[in-house]
Structures are given as structure tokens and as C-alpha cells.
$ cat model.pdb   # PDB, C-alpha atoms
ATOM      1  CA  MET Z   8      32.008  52.450  64.199
ATOM      2  CA  ARG Z   9      30.972  55.790  65.623
ATOM      3  CA  SER Z  10      31.439  54.569  69.194
ATOM      4  CA  GLY Z  11      34.962  53.422  68.313
ATOM      5  CA  VAL Z  12      35.854  56.885  66.983
ATOM      6  CA  PHE Z  13      34.269  58.484  70.028
ATOM      7  CA  LEU Z  14      36.209  56.251  72.415
ATOM      8  CA  ALA Z  15      39.453  56.887  70.527
ATOM      9  CA  SER Z  16      38.804  60.643  70.635
ATOM     10  CA  LEU Z  17      38.016  60.419  74.329
ATOM     11  CA  ALA Z  18      41.235  58.462  74.966
ATOM     12  CA  VAL Z  19      43.297  60.997  73.019
ATOM     13  CA  ALA Z  20      41.673  63.888  74.891
ATOM     14  CA  GLY Z  21      42.359  62.145  78.201
ATOM     15  CA  LEU Z  22      45.989  61.574  77.278
ATOM     16  CA  LEU Z  23      46.357  65.213  76.224
ATOM     17  CA  LEU Z  24      44.864  66.424  79.505
ATOM     18  CA  TRP Z  25      47.145  64.089  81.447
ATOM     19  CA  TYR Z  26      50.177  65.389  79.477
ATOM     20  CA  VAL Z  27      49.210  69.038  80.101
ATOM     21  CA  TRP Z  28      48.667  68.330  83.807
ATOM     22  CA  GLN Z  29      52.088  66.646  84.068
ATOM     23  CA  GLU Z  30      53.779  69.577  82.329
ATOM     24  CA  TRP Z  31      52.052  71.979  84.696
ATOM     25  CA  GLN Z  32      53.229  69.924  87.698
ATOM     26  CA  ILE Z  33      56.799  69.887  86.392
ATOM     27  CA  THR Z  34      56.749  73.656  85.867
ATOM     28  CA  TYR Z  35      55.244  74.282  89.307
ATOM     29  CA  LEU Z  36      57.691  72.001  91.100
ATOM     30  CA  SER Z  37      60.636  73.447  89.163
ATOM     31  CA  SER Z  38      59.655  76.941  90.265
ATOM     32  CA  LYS Z  39      59.421  75.721  93.878
ATOM     33  CA  VAL Z  40      62.917  74.224  93.615
ATOM     34  CA  ILE Z  41      64.297  77.495  92.239
ATOM     35  CA  GLU Z  42      62.506  79.457  94.975
ATOM     36  CA  SER Z  43      63.921  77.131  97.649
ATOM     37  CA  ARG Z  44      67.434  77.460  96.249
ATOM     38  CA  LEU Z  45      67.184  81.247  96.246
ATOM     39  CA  GLU Z  46      65.947  81.191  99.832
ATOM     40  CA  ARG Z  47      68.783  78.828 100.803
ATOM     41  CA  ASP Z  48      71.342  81.101  99.160
ATOM     42  CA  ALA Z  49      69.948  84.125 101.000
ATOM     43  CA  LEU Z  50      70.054  82.249 104.318
ATOM     44  CA  LEU Z  51      73.630  81.097 103.699
ATOM     45  CA  ALA Z  52      74.661  84.677 102.916
ATOM     46  CA  GLN Z  53      72.945  85.879 106.095
ATOM     47  CA  ARG Z  54      74.713  83.151 108.091
ATOM     48  CA  ASP Z  55      78.069  84.262 106.683
ATOM     49  CA  ARG Z  56      77.329  87.896 107.566
ATOM     50  CA  LEU Z  57      76.361  86.891 111.108
ATOM     51  CA  LYS Z  58      79.525  84.787 111.496
ATOM     52  CA  LEU Z  59      81.605  87.783 110.422
ATOM     53  CA  GLU Z  60      79.709  90.001 112.851
ATOM     54  CA  VAL Z  61      80.376  87.578 115.716
ATOM     55  CA  ILE Z  62      84.068  87.489 114.836
ATOM     56  CA  GLN Z  63      84.182  91.281 114.787
ATOM     57  CA  VAL Z  64      82.299  91.655 118.072
ATOM     58  CA  TRP Z  65      84.553  89.173 119.876
ATOM     59  CA  SER Z  66      87.821  90.460 118.405
ATOM     60  CA  LEU Z  67      90.437  91.383 121.010
ATOM     61  CA  GLU Z  68      90.375  95.011 119.910
ATOM     62  CA  ASN Z  69      86.612  95.238 120.333
ATOM     63  CA  VAL Z  70      86.667  93.462 123.721
ATOM     64  CA  GLU Z  71      89.382  95.848 124.896
ATOM     65  CA  ARG Z  72      87.401  98.853 123.661
ATOM     66  CA  MET Z  73      84.225  97.636 125.430
ATOM     67  CA  ALA Z  74      86.191  97.014 128.640
ATOM     68  CA  LYS Z  75      87.480 100.578 128.528
ATOM     69  CA  GLU Z  76      84.213 102.256 127.517
ATOM     70  CA  ARG Z  77      81.622 100.226 129.426
ATOM     71  CA  LEU Z  78      83.548  99.034 132.457
ATOM     72  CA  GLY Z  79      86.063 101.854 132.851
ATOM     73  CA  MET Z  80      88.975  99.439 132.771
ATOM     74  CA  LYS Z  81      92.406 100.488 131.554
ATOM     75  CA  LYS Z  82      95.297  98.573 130.148
ATOM     76  CA  ILE Z  83      98.094  97.910 132.628
ATOM     77  CA  PRO Z  84     101.592  97.177 131.387
ATOM     78  CA  PRO Z  85     102.699  93.620 132.312
ATOM     79  CA  LYS Z  86     105.502  94.890 134.601
ATOM     80  CA  THR Z  87     103.099  96.705 136.932
ATOM     81  CA  LEU Z  88     100.713  93.772 137.146
ATOM     82  CA  LYS Z  89     101.263  91.924 140.412
ATOM     83  CA  LEU Z  90      99.892  88.428 140.677
ATOM     84  CA  PRO Z  91      99.681  86.488 143.957
ATOM     85  CA  PRO Z  92     102.176  83.633 144.310
ATOM     86  CA  PRO Z  93     100.906  80.220 143.206
TER      87      PRO Z  93
END
$ encode --input "model.pdb" --output "C-alpha cells"
Amino acid sequence: MRSGVFLASLAVAGLLLWYVWQEWQITYLSSKVIESRLERDALLAQRDRLKLEVIQVWSLENVERMAKERLGMKKIPPKTLKLPPP
């Protein structure tokens, strides 16, 4: 009789430990999912900022400004531009 009670108590304790371990795993994995989502959101925001920066750098106004400042080029009106015949 005593061994039956002991085995039942042992089984209940084992089930409780298994339940606690599962709950801990769920909590841990849930926190990892949240952490990954936050990291993903930050990376997506950074990607959007970089896309905007690329658009701004390669805008016609910025290219014209860089051509003037860095290369010393100046804008020529279309009438004075002479192209060789085709």
C-alpha cells in the first residue's frame, strides 16, 4: 500500500515537473519570438531609411549639385549644346 502511494506521489511530482518545464519552454520561446519580431521591425525600418537615402542621393537635384561642386560642371542651356550629327 505504501509503495502504491509513493509511486503515485512520484508520478504526480514527475507530471508537475514536466508541466513546469513545458511552461518555462513556452515562455522562453515566446520571448525569443517577440525579440525576433522587434529585431525584424528595426531592420525593416532601417531598410526603409536606407532606401529613402538612396533616392535622395540619386535625385536629379543632388546629382546636378554634385556635378557642379565636385566636377566643376555647369548647366548649359539646350540651345547652346551642339551635338555631332548622327
$ closest_residue --input "model.pdb" --among "Z:Val70, Z:Trp28, Z:Ser37, Z:Val64" --to "Z:Lys82" --atoms "all atoms listed in the file"
Z:Val70
$ atom_distance --input "model.pdb" --atom1 "atom CA of Z:Gln32" --atom2 "atom CA of Z:Leu17"
22.4 Å
$ atom_distance --input "model.pdb" --atom1 "atom CA of Z:Arg77" --atom2 "atom CA of Z:Leu90"
24.5 Å
$ decode --input "model.pdb" --residues "stretch 71-87 of chain Z" --atoms "N, CA and C atoms" --output "mmCIF file, in the first residue's frame"
data_model
loop_
_atom_site.group_PDB
_atom_site.id
_atom_site.type_symbol
_atom_site.label_atom_id
_atom_site.label_comp_id
_atom_site.auth_asym_id
_atom_site.auth_seq_id
_atom_site.Cartn_x
_atom_site.Cartn_y
_atom_site.Cartn_z
ATOM 1 N N GLU Z 71 22.971 66.903 -59.927
ATOM 2 C CA GLU Z 71 23.379 68.178 -60.536
ATOM 3 C C GLU Z 71 24.276 68.966 -59.590
ATOM 4 N N ARG Z 72 23.907 69.005 -58.312
ATOM 5 C CA ARG Z 72 24.707 69.722 -57.322
ATOM 6 C C ARG Z 72 26.107 69.104 -57.210
ATOM 7 N N MET Z 73 26.191 67.763 -57.175
ATOM 8 C CA MET Z 73 27.500 67.106 -57.080
ATOM 9 C C MET Z 73 28.326 67.366 -58.339
ATOM 10 N N ALA Z 74 27.674 67.390 -59.504
ATOM 11 C CA ALA Z 74 28.403 67.658 -60.745
ATOM 12 C C ALA Z 74 28.997 69.063 -60.708
ATOM 13 N N LYS Z 75 28.245 70.002 -60.179
ATOM 14 C CA LYS Z 75 28.740 71.379 -60.091
ATOM 15 C C LYS Z 75 29.853 71.501 -59.055
ATOM 16 N N GLU Z 76 29.617 70.955 -57.857
ATOM 17 C CA GLU Z 76 30.563 71.133 -56.756
ATOM 18 C C GLU Z 76 31.830 70.286 -56.919
ATOM 19 N N ARG Z 77 31.671 69.023 -57.251
ATOM 20 C CA ARG Z 77 32.828 68.120 -57.278
ATOM 21 C C ARG Z 77 33.559 68.121 -58.612
ATOM 22 N N LEU Z 78 32.816 68.264 -59.696
ATOM 23 C CA LEU Z 78 33.435 68.156 -61.013
ATOM 24 C C LEU Z 78 33.572 69.492 -61.726
ATOM 25 N N GLY Z 79 33.038 70.546 -61.141
ATOM 26 C CA GLY Z 79 33.139 71.872 -61.741
ATOM 27 C C GLY Z 79 32.318 72.015 -63.013
ATOM 28 N N MET Z 80 31.329 71.189 -63.185
ATOM 29 C CA MET Z 80 30.498 71.274 -64.384
ATOM 30 C C MET Z 80 29.472 72.375 -64.208
ATOM 31 N N LYS Z 81 28.964 72.902 -65.308
ATOM 32 C CA LYS Z 81 27.890 73.889 -65.230
ATOM 33 C C LYS Z 81 26.811 73.532 -66.233
ATOM 34 N N LYS Z 82 25.626 73.989 -65.917
ATOM 35 C CA LYS Z 82 24.476 73.674 -66.747
ATOM 36 C C LYS Z 82 24.516 74.531 -68.007
ATOM 37 N N ILE Z 83 24.332 73.887 -69.145
ATOM 38 C CA ILE Z 83 24.336 74.594 -70.427
ATOM 39 C C ILE Z 83 22.917 74.557 -70.982
ATOM 40 N N PRO Z 84 22.415 75.720 -71.397
ATOM 41 C CA PRO Z 84 21.070 75.709 -71.978
ATOM 42 C C PRO Z 84 21.044 74.823 -73.232
ATOM 43 N N PRO Z 85 19.932 74.157 -73.522
ATOM 44 C CA PRO Z 85 19.864 73.237 -74.656
ATOM 45 C C PRO Z 85 20.203 73.883 -76.006
ATOM 46 N N LYS Z 86 19.976 75.171 -76.176
ATOM 47 C CA LYS Z 86 20.234 75.818 -77.468
ATOM 48 C C LYS Z 86 21.721 75.941 -77.756
ATOM 49 N N THR Z 87 22.539 76.059 -76.720
ATOM 50 C CA THR Z 87 23.982 76.220 -76.928
ATOM 51 C C THR Z 87 24.702 74.868 -77.000
#
